[in-house]
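upload_35.tsv follows (TSV, C-alpha atoms and all ligand atoms):
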chain	number	residue	atom	x	y	z
B	24	MET	CA	-114.81	149.36	-38.07
B	25	LEU	CA	-117.68	150.66	-35.94
B	26	LYS	CA	-115.12	151.55	-33.27
B	27	THR	CA	-113.15	153.58	-35.82
B	28	VAL	CA	-116.26	155.44	-36.95
B	29	LEU	CA	-117.34	156.20	-33.37
B	30	GLU	CA	-113.82	157.41	-32.58
B	31	ALA	CA	-113.78	159.66	-35.63
B	32	LEU	CA	-117.10	161.17	-34.58
B	33	GLY	CA	-115.78	161.71	-31.07
B	34	LEU	CA	-118.50	159.44	-29.66
B	35	THR	CA	-116.08	157.14	-27.95
B	36	HIS	CA	-112.56	157.52	-26.59
B	37	ARG	CA	-109.63	156.07	-28.38
B	38	VAL	CA	-107.96	153.60	-26.06
B	39	CYS	CA	-104.37	152.39	-26.07
B	40	SER	CA	-104.06	148.97	-27.69
B	41	CYS	CA	-101.32	148.09	-25.19
B	42	CYS	CA	-102.64	149.22	-21.81
B	43	GLY	CA	-106.24	150.34	-22.38
B	44	LYS	CA	-105.70	153.95	-21.21
B	45	ILE	CA	-107.33	156.78	-23.15
B	46	VAL	CA	-105.10	158.11	-25.93
B	47	SER	CA	-105.30	161.90	-25.99
B	48	ASP	CA	-103.05	162.49	-29.00
B	49	THR	CA	-105.00	160.81	-31.79
B	50	THR	CA	-102.28	161.41	-34.38
B	51	GLN	CA	-100.23	158.60	-32.83
B	52	GLY	CA	-102.70	155.81	-33.49
B	53	HIS	CA	-103.69	153.54	-30.64
B	54	ILE	CA	-100.57	153.93	-28.50
B	55	CYS	CA	-100.55	156.17	-25.42
B	56	ASN	CA	-97.61	158.31	-24.33
B	57	ASP	CA	-96.87	156.12	-21.31
B	58	CYS	CA	-96.52	153.05	-23.50
B	59	LEU	CA	-94.44	154.94	-26.04
B	60	SER	CA	-92.07	156.12	-23.35
B	61	SER	CA	-91.51	152.51	-22.28
B	62	ILE	CA	-89.84	151.72	-25.62
B	63	LYS	CA	-86.15	151.45	-24.83
B	64	PRO	CA	-83.09	149.79	-26.38
B	65	LEU	CA	-82.30	146.30	-25.18
B	66	HIS	CA	-78.80	145.50	-23.92
B	67	PRO	CA	-76.98	143.27	-24.33
B	68	ILE	CA	-77.96	141.36	-27.45
B	69	ASN	CA	-76.17	138.27	-28.62
B	70	TYR	CA	-75.51	138.80	-32.28
B	71	GLY	CA	-75.32	135.78	-34.58
B	72	LYS	CA	-73.89	135.91	-38.07
B	73	LEU	CA	-75.83	137.29	-41.01
B	74	GLN	CA	-74.50	136.12	-44.34
B	75	PHE	CA	-72.68	138.86	-46.35
B	76	VAL	CA	-73.30	141.40	-43.56
B	77	SER	CA	-70.14	142.73	-41.84
B	78	SER	CA	-71.97	143.67	-38.65
B	79	TYR	CA	-75.39	144.72	-37.48
B	80	ARG	CA	-77.31	146.17	-34.55
B	81	MET	CA	-80.83	145.82	-33.36
B	82	PHE	CA	-82.70	148.25	-31.12
B	83	ALA	CA	-84.76	145.66	-29.21
B	84	LYS	CA	-86.80	142.47	-29.45
B	85	TYR	CA	-89.88	142.31	-31.65
B	86	GLU	CA	-92.36	142.13	-28.78
B	87	GLY	CA	-94.56	144.20	-26.51
B	88	MET	CA	-94.95	147.93	-27.20
B	89	LEU	CA	-92.29	148.01	-29.87
B	90	ALA	CA	-94.04	145.28	-31.90
B	91	GLN	CA	-97.40	146.97	-31.37
B	92	THR	CA	-95.98	150.33	-32.51
B	93	LEU	CA	-94.54	148.78	-35.68
B	94	ARG	CA	-97.88	147.13	-36.41
B	95	GLU	CA	-99.75	150.44	-35.99
B	96	ILE	CA	-97.29	152.11	-38.38
B	97	LYS	CA	-97.42	149.38	-41.02
B	98	PHE	CA	-100.92	148.00	-40.91
B	99	LYS	CA	-102.84	151.08	-39.80
B	100	SER	CA	-100.64	153.56	-41.70
B	101	VAL	CA	-99.99	155.82	-38.71
B	102	LEU	CA	-97.29	158.08	-40.13
B	103	PRO	CA	-96.58	160.26	-37.03
B	104	LEU	CA	-95.73	157.11	-35.07
B	105	ALA	CA	-92.98	156.29	-37.59
B	106	ARG	CA	-91.37	159.66	-36.90
B	107	ILE	CA	-91.77	159.22	-33.12
B	108	LEU	CA	-90.16	155.77	-33.31
B	109	GLY	CA	-87.32	157.29	-35.34
B	110	GLY	CA	-86.71	159.71	-32.48
B	111	LYS	CA	-86.57	156.76	-30.04
B	112	ILE	CA	-83.87	154.89	-31.96
B	113	LYS	CA	-81.88	158.01	-32.85
B	114	ASN	CA	-79.13	157.67	-30.21
B	115	HIS	CA	-78.79	153.92	-30.53
B	116	LEU	CA	-78.53	154.11	-34.31
B	117	GLY	CA	-76.18	157.09	-33.95
B	118	GLU	CA	-73.76	154.98	-31.88
B	119	PHE	CA	-73.68	152.32	-34.57
B	120	LEU	CA	-73.11	154.94	-37.26
B	121	GLY	CA	-70.21	156.25	-35.17
B	122	GLU	CA	-68.67	152.76	-35.06
B	123	THR	CA	-69.18	151.80	-38.69
B	124	LYS	CA	-68.76	155.23	-40.33
B	125	PRO	CA	-70.70	154.30	-43.48
B	126	ASP	CA	-70.27	156.33	-46.70
B	127	LEU	CA	-73.86	155.66	-47.66
B	128	ILE	CA	-76.99	155.08	-45.57
B	129	THR	CA	-80.10	153.59	-47.12
B	130	TYR	CA	-83.12	151.41	-46.26
B	131	VAL	CA	-85.01	148.36	-47.46
B	132	PRO	CA	-87.91	149.82	-49.46
B	133	VAL	CA	-91.45	148.53	-49.74
B	134	HIS	CA	-92.84	147.70	-53.18
B	135	THR	CA	-94.66	150.52	-54.99
B	136	PHE	CA	-97.95	148.65	-54.56
B	137	ARG	CA	-97.60	148.67	-50.79
B	138	PHE	CA	-96.31	152.24	-50.85
B	139	TRP	CA	-99.51	153.45	-52.51
B	140	LYS	CA	-101.67	151.37	-50.22
B	141	ARG	CA	-99.98	152.74	-47.10
B	142	GLY	CA	-99.17	156.20	-48.42
B	143	PHE	CA	-95.57	156.14	-47.20
B	144	ASP	CA	-92.55	153.91	-46.78
B	145	HIS	CA	-92.30	153.18	-43.07
B	146	ASN	CA	-88.53	152.58	-43.11
B	147	GLU	CA	-87.93	155.89	-44.84
B	148	GLU	CA	-90.15	157.73	-42.35
B	149	ILE	CA	-88.50	156.12	-39.32
B	150	LEU	CA	-85.11	157.23	-40.68
B	151	LYS	CA	-86.46	160.75	-41.13
B	152	GLY	CA	-87.60	160.69	-37.50
B	153	ALA	CA	-84.07	159.65	-36.51
B	154	GLY	CA	-82.69	162.67	-38.37
B	155	VAL	CA	-80.39	160.55	-40.51
B	156	ASN	CA	-79.06	161.69	-43.86
B	157	PHE	CA	-79.95	158.79	-46.16
B	158	GLN	CA	-80.22	158.04	-49.89
B	159	ARG	CA	-82.79	156.00	-51.82
B	160	VAL	CA	-80.37	153.42	-53.19
B	161	LEU	CA	-82.52	150.30	-53.42
B	162	LEU	CA	-85.68	149.45	-55.28
B	163	ARG	CA	-88.00	146.53	-54.92
B	164	ARG	CA	-88.70	144.71	-58.14
B	165	LYS	CA	-91.21	142.15	-56.99
B	166	HIS	CA	-94.23	142.54	-54.81
B	167	SER	CA	-93.66	139.62	-52.51
B	168	LYS	CA	-96.44	138.28	-50.36
B	169	PRO	CA	-95.89	138.58	-46.60
B	170	LEU	CA	-92.97	136.32	-45.76
B	171	ALA	CA	-94.12	135.41	-42.28
B	172	ARG	CA	-95.35	131.90	-43.07
B	173	LEU	CA	-92.45	130.88	-45.30
B	174	SER	CA	-89.43	128.85	-44.24
B	175	LYS	CA	-85.97	130.36	-44.59
B	176	ASP	CA	-85.25	128.46	-47.83
B	177	GLU	CA	-88.56	129.59	-49.31
B	178	ARG	CA	-87.82	133.20	-48.33
B	179	VAL	CA	-84.40	133.14	-49.97
B	180	LYS	CA	-86.03	131.85	-53.16
B	181	VAL	CA	-88.78	134.50	-53.10
B	182	LEU	CA	-86.30	137.30	-52.38
B	183	LYS	CA	-83.80	136.33	-55.06
B	184	ASP	CA	-83.80	139.22	-57.56
B	185	ALA	CA	-86.48	140.96	-55.47
B	186	PHE	CA	-84.21	143.98	-54.98
B	187	GLY	CA	-82.27	146.18	-57.34
B	188	VAL	CA	-80.08	149.27	-57.09
B	189	ARG	CA	-81.37	152.50	-58.64
B	190	LYS	CA	-79.61	153.39	-61.87
B	191	GLU	CA	-78.01	156.54	-60.47
B	192	PHE	CA	-76.37	154.55	-57.65
B	193	ILE	CA	-75.01	151.58	-59.60
B	194	ASP	CA	-71.57	153.15	-60.03
B	195	LEU	CA	-71.69	155.01	-56.72
B	196	VAL	CA	-71.89	151.88	-54.57
B	197	GLU	CA	-68.41	150.72	-55.56
B	198	SER	CA	-65.84	150.82	-52.73
B	199	LYS	CA	-68.44	152.23	-50.36
B	200	ARG	CA	-69.31	151.15	-46.85
B	201	VAL	CA	-73.09	150.92	-46.98
B	202	LEU	CA	-75.42	150.82	-44.01
B	203	VAL	CA	-78.91	149.49	-44.69
B	204	PHE	CA	-81.82	150.14	-42.37
B	205	ASP	CA	-84.73	147.71	-41.99
B	206	ASP	CA	-87.55	147.43	-39.49
B	207	ILE	CA	-87.52	143.76	-38.52
B	208	LEU	CA	-84.92	140.99	-38.62
B	209	THR	CA	-86.70	137.67	-38.98
B	210	THR	CA	-84.66	134.97	-40.70
B	211	GLY	CA	-82.08	137.26	-42.26
B	212	ALA	CA	-83.17	136.37	-45.81
B	213	THR	CA	-83.77	140.03	-46.76
B	214	SER	CA	-80.45	141.29	-45.38
B	215	THR	CA	-78.59	138.44	-47.10
B	216	SER	CA	-80.24	139.22	-50.42
B	217	VAL	CA	-79.61	142.99	-50.17
B	218	ALA	CA	-76.03	142.63	-48.91
B	219	GLU	CA	-75.15	140.16	-51.66
B	220	LEU	CA	-76.52	142.58	-54.25
B	221	LEU	CA	-74.52	145.54	-52.89
B	222	LEU	CA	-71.31	143.49	-52.61
B	223	SER	CA	-71.77	142.28	-56.20
B	224	LEU	CA	-71.70	145.94	-57.26
B	225	GLY	CA	-68.40	146.45	-55.46
B	226	ALA	CA	-69.50	147.74	-52.05
B	227	GLU	CA	-66.65	147.36	-49.57
B	228	GLU	CA	-68.77	146.47	-46.55
B	229	VAL	CA	-72.48	146.18	-45.82
B	230	TYR	CA	-73.91	146.87	-42.36
B	231	PHE	CA	-77.47	146.51	-41.17
B	232	TYR	CA	-79.50	148.22	-38.49
B	233	PHE	CA	-82.85	146.77	-37.41
B	234	VAL	CA	-85.47	148.32	-35.18
B	235	ALA	CA	-86.58	144.95	-33.87
B	236	GLY	CA	-85.58	141.34	-34.14
B	237	GLU	CA	-87.20	137.98	-33.71
B	238	ARG	CA	-83.84	136.16	-33.53
B	239	VAL	CA	-82.74	137.47	-30.16
W	301	ZN	ZN	-100.78	152.58	-23.23
Step by step, read the file and then write its structure as structure tokens.
Ligand SMILES: [Zn+2]
Amino acid sequence: MLKTVLEALGLTHRVCSCCGKIVSDTTQGHICNDCLSSIKPLHPINYGKLQFVSSYRMFAKYEGMLAQTLREIKFKSVLPLARILGGKIKNHLGEFLGETKPDLITYVPVHTFRFWKRGFDHNEEILKGAGVNFQRVLLRRKHSKPLARLSKDERVKVLKDAFGVRKEFIDLVESKRVLVFDDILTTGATSTSVAELLLSLGAEEVYFYFVAGERV
């Protein structure tokens, strides 16, 4: 807290939380340009099966600079970083869009409570940074507690009925190939829940794209 105040007053330099160098562009949180430029897609990745999901891609592992960048975006509400990260994944995501040719692109939304707390939806902002034409198809009904400490079975239970489809999209999803964007793949409970919902409304195929994954 004191550090933040001193930084705001210009009494101390803001240092990169990854490498300790001084961060000159203070709009991008505590990540310096050198560290940002080290964020690159990981190849190859061994993809396991995600229930109800036709295929998926992941930019890289949830570790190092990429993990730190996602934490700055989500827990310190650094909006410009979300756009910068979107620019980083743009080509990789673009390749997957070229392969899957979805009719509809959307994202896993945060609950309204978290939206107001953070001021933005990080997934939406990353997609904007990637220059992707997306729609707000999904809504989050329940404000679930962070899932990190739950087992897979517990997550599935918590996430059941956690998502819905916005009224104006209920009929539009039918026969569509839908690509859903999410930041992190952990156990796959979220993607399973969302894909099952979209398929139940008649979607032809559901694809997922993740920025980072823990199951690599
Ligand atoms: Zn750095």
Counting only C-alpha atoms, the option among B:Leu120, B:Ile54, B:Leu89, B:Val131 closest to B:Pro103: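 Nearest candidate to B:Pro103 out of B:Leu120, B:Ile54, B:Leu89, B:Val131: B:Ile54.
The shortest atom-to-atom distance to B:Asp126, with all atoms listed in the file taken into account, belongs to B:Asn156 out of B:Ser60, B:Asn156, B:Asn114, B:Thr213.
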Would you mind listing the residues within 12 Å of ligand ZN 301 (chain W), counting all atoms listed in the file, as a PyMOL selection string? chain B and resi 37-48+51-62+87-89+91-92
If I take atom CA of B:Ile128 and atom CA of B:Val160, how far is one from the other in Å, to one decimal?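 Here the two named atoms are 8.5 Å from each other.
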Identify which of the residues B:Val188, B:Ile207, B:Leu102, B:Leu162 lies closest to B:Ala235, counting only C-alpha atoms when measuring atom-to-atom distances.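 Using only C-alpha atoms, the shortest distance to B:Ala235 belongs to B:Ile207.
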Can you sort out stretch 176-199 of chain B so it carries N, CA, C and O atoms, written as a compact mmCIF listing (two decimals), in the coordinates of the input?
# COMPACT_ATOMS: atom_id res chain seq x y z
N ASP B 176 -85.58 128.81 -46.44
CA ASP B 176 -85.25 128.46 -47.83
C ASP B 176 -86.25 129.07 -48.81
O ASP B 176 -85.87 129.58 -49.86
N GLU B 177 -87.51 129.02 -48.44
CA GLU B 177 -88.56 129.59 -49.31
C GLU B 177 -88.39 131.11 -49.43
O GLU B 177 -88.56 131.68 -50.49
N ARG B 178 -88.02 131.75 -48.31
CA ARG B 178 -87.82 133.20 -48.33
C ARG B 178 -86.67 133.58 -49.25
O ARG B 178 -86.77 134.53 -50.02
N VAL B 179 -85.57 132.84 -49.14
CA VAL B 179 -84.40 133.14 -49.97
C VAL B 179 -84.79 133.06 -51.44
O VAL B 179 -84.42 133.91 -52.24
N LYS B 180 -85.59 132.04 -51.78
CA LYS B 180 -86.03 131.85 -53.16
C LYS B 180 -86.90 133.03 -53.62
O LYS B 180 -86.71 133.59 -54.69
N VAL B 181 -87.86 133.41 -52.77
CA VAL B 181 -88.78 134.50 -53.10
C VAL B 181 -88.02 135.82 -53.25
O VAL B 181 -88.33 136.65 -54.12
N LEU B 182 -87.00 136.00 -52.40
CA LEU B 182 -86.30 137.30 -52.38
C LEU B 182 -85.19 137.42 -53.42
O LEU B 182 -84.66 138.49 -53.63
N LYS B 183 -84.85 136.27 -54.05
CA LYS B 183 -83.80 136.33 -55.06
C LYS B 183 -84.27 137.26 -56.18
O LYS B 183 -85.38 137.12 -56.68
N ASP B 184 -83.46 138.22 -56.54
CA ASP B 184 -83.80 139.22 -57.56
C ASP B 184 -84.97 140.13 -57.15
O ASP B 184 -85.54 140.82 -57.98
N ALA B 185 -85.37 140.09 -55.90
CA ALA B 185 -86.48 140.96 -55.47
C ALA B 185 -86.03 142.41 -55.37
O ALA B 185 -86.84 143.32 -55.47
N PHE B 186 -84.71 142.62 -55.15
CA PHE B 186 -84.21 143.98 -54.98
C PHE B 186 -83.27 144.37 -56.12
O PHE B 186 -82.63 143.52 -56.73
N GLY B 187 -83.22 145.65 -56.36
CA GLY B 187 -82.27 146.18 -57.34
C GLY B 187 -81.68 147.46 -56.77
O GLY B 187 -82.11 147.95 -55.73
N VAL B 188 -80.67 147.99 -57.48
CA VAL B 188 -80.08 149.27 -57.09
C VAL B 188 -80.50 150.29 -58.14
O VAL B 188 -80.48 150.01 -59.34
N ARG B 189 -80.95 151.45 -57.71
CA ARG B 189 -81.37 152.50 -58.64
C ARG B 189 -80.22 152.85 -59.57
O ARG B 189 -79.07 152.90 -59.15
N LYS B 190 -80.59 153.13 -60.81
CA LYS B 190 -79.61 153.39 -61.87
C LYS B 190 -78.53 154.38 -61.43
O LYS B 190 -77.34 154.17 -61.63
N GLU B 191 -78.96 155.48 -60.82
CA GLU B 191 -78.01 156.54 -60.47
C GLU B 191 -77.03 156.13 -59.37
O GLU B 191 -76.04 156.83 -59.13
N PHE B 192 -77.28 154.98 -58.72
CA PHE B 192 -76.37 154.55 -57.65
C PHE B 192 -75.49 153.37 -58.05
O PHE B 192 -74.61 152.98 -57.29
N ILE B 193 -75.74 152.79 -59.21
CA ILE B 193 -75.01 151.58 -59.60
C ILE B 193 -73.50 151.79 -59.55
O ILE B 193 -72.77 150.97 -59.00
N ASP B 194 -73.01 152.91 -60.06
CA ASP B 194 -71.57 153.15 -60.03
C ASP B 194 -71.11 153.72 -58.69
O ASP B 194 -69.96 153.63 -58.33
N LEU B 195 -72.05 154.33 -57.97
CA LEU B 195 -71.69 155.01 -56.72
C LEU B 195 -71.46 154.05 -55.54
O LEU B 195 -70.84 154.42 -54.55
N VAL B 196 -71.99 152.83 -55.67
CA VAL B 196 -71.89 151.88 -54.57
C VAL B 196 -70.47 151.33 -54.43
O VAL B 196 -70.02 150.97 -53.34
N GLU B 197 -69.74 151.32 -55.54
CA GLU B 197 -68.41 150.72 -55.56
C GLU B 197 -67.48 151.33 -54.49
O GLU B 197 -67.42 152.55 -54.33
N SER B 198 -66.80 150.44 -53.79
CA SER B 198 -65.84 150.82 -52.73
C SER B 198 -66.47 151.55 -51.55
O SER B 198 -65.75 152.16 -50.75
N LYS B 199 -67.78 151.52 -51.45
CA LYS B 199 -68.44 152.23 -50.36
C LYS B 199 -68.79 151.28 -49.21
O LYS B 199 -69.04 150.10 -49.40
